[in-house]
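Peer 1: Quick one: structure below, then a few questions.
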Amino acid sequence: MATDWLGSIVSINCGESLGVYQGRVSAVDQVSQTISLTRPFHNGVKCLVPEVTFRAGDITELKILEIPGGPGDSRQCGDSQQPDTAGVGCQVGPSQNGTGKALKKPLSSSAPQNIPRRTDTKSQDFVVSPQQQCSKSYMDRHVETLSQPKGFRRRHNSWSSSSRHPNQVTPKKSGLKNGQMKSKDDECFGDDIDEIPDTDFDFEGNLALFDKAAVFEEIETYERRSGTRSRGTPSEKPARYRHDENILESEPIVYRRIVVPQNPNKEFCTDSGLVVPSVSYELHKKLLAVAEKHGLTLERRLEMTGVCASQMALSLLGGPNRLNPKNVHQRPTVALLCGPHVKGAQGISCGRHLSNHDVHVILFLPNFVKMLESITNELNLFSKTQGQQVSSVKDLPDTPVDLVINCLDCHENAFLRDQPWYKAVVDWANQNRAPVLSIDPPMSEMELGIDAKWSLALGLPLPLGERAGRVYLCDIGIPQKVFQEVGINYHSPFGCKFVIPLHST
């Protein structure tokens, strides 16, 4: 019985370690339990040896691909070096003695098909014999192989020149390798040029057939009914929040939390949108008097004003970028212009704190026979610092300084503006190209001799004009019930700061 299978083309699966072998059966030895294949292929690649022999213990599966003399015998169409896998009909499993046993008759292959072959008449000519037409094309074999079980699939390599039928003519102008590549190119890209349509594809016409508005409306209707929301819905955009915004729902924000008894002449707003109304000078003076009656004395107010003003001045001078140990050679210079009144005492307090922060302060204060007690106390403390005090305009720097702090003007004692020293200091400040910071400037623009870039208001702002520059507000520590006593419904707009900028509405 073993000799009946000689000449058959079989596929032997030896597991993952050895792989799959294919070839023609040349010998079957029942005594030694071996089977030999001639012209073998290992995993679809032709072996270098002409014959291999397998033991029964190494064979996992054995599959008969072609029986000699059957309809699928490749010898009818010419001998081939690589076995044909088209006839998949007879499956053989390993028996106890190691040899394969037929389980069913091989299925008859389909009738020979006439497969048209494309030729390139410009470069080469092919002659196709009737015997060649009985073999299936490469794609037919590939599809038929994929339809087999996973264990029986094998790789298909391109046919070599030796696998061609003897009657087939090789390309005239190309060698062996070029002929193979040309044959593959013809099979893949050799479509007839006449089959290409002459008319261009109408993109606009096909796009007009798609009604985007109707499709989006249908999507929105479906989402409203189902309660779901799609990521691609164009009408619904996800809400975006800043890093300082609360995503949780809260009570409505009340932006007007400060109400004054009189209609304010001017209103400001903070960075967060809170409205800060201005007050008249009379109401502001009354507020300070009530606060002093409750214990917020002038000394406390001067100290608080000096701290806030110096903090703002340090920020204007550059803050930590300018004031650090590595920049001792760039020590900033501040010219402090003060008059003989309470506003001047506030400036002296600011100068003391600036000098304590390693700022070169030049204090200008005119000589008077009798000074206010608050000025005398502040001068006594300022003299203990490294600051410099001058009483003549000639002693002020000729070169521009980093910052000029103006405390010359006050709400009262307007006669001081007619003094020669006042006019000389105003001329010096206007000629100096340094920016100006005014502390608690008066309301009337006619009383301002020096145009300021920044102005610092105390507690609540006055209706300052354009010459006051950008207005800032500082907290001088007035309690909330003091505001209520003078008829102001007050809620602090400062938040976590003591100095905040105000914007005109």
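A note on labels: chains of the structure tokens are A, B, ... as shown, every chain counts residues from 1, and ligands are counted from 1 in their shown order.
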Quick one: residues within 12 Å of Pro277 in chain A, only C-alpha atoms, excluding same-chain residues fewer than 4 positions away - as a ChimeraX atom specification?
Peer 2: /A:255-270,459-464,473,488-491,493,502-505
Peer 1: Excluding range 7-23 of chain A and residues on its chain fewer than 6 positions from it, collect all residues at most 6 Å away from it, counting only C-alpha atoms, and give them as a PyMOL selection string.
Peer 2: chain A and resi 37-43+58-68
Peer 1: Near Ala457 in chain A, within 12 Å and counting only C-alpha atoms, which residues show up once chain neighbours fewer than 5 positions away are dropped, as a VMD selection string?
Peer 2: chain A and resid 276 278 to 279 281 284 305 308 to 309 312 343 437 to 443 462 to 464 468 to 476 498 to 502
Peer 1: List the spatial neighbours of Val393 in chain A as a list in words - criterion: any atom at most 10 Å away, only C-alpha atoms, same-chain residues fewer than 2 positions off excluded.
Peer 2: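 With the cut-off at 10 Å, the set is Phe364, Leu365, Pro366, Val390, Ser391, Asp395, Leu396, Pro397, Asp398, Trp421, Tyr422, Ala424, Val425, Val426, Asp427 and Trp428 of chain A.
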Peer 1: What parts of range 265-480 of chain A does DSSP call strand (DSSP E)? I'd like the answer as a PyMOL selection string.
Peer 2: chain A and resi 267-269+275-277+333-338+360-364+388-390+403-407+436-439+454-458+470-474
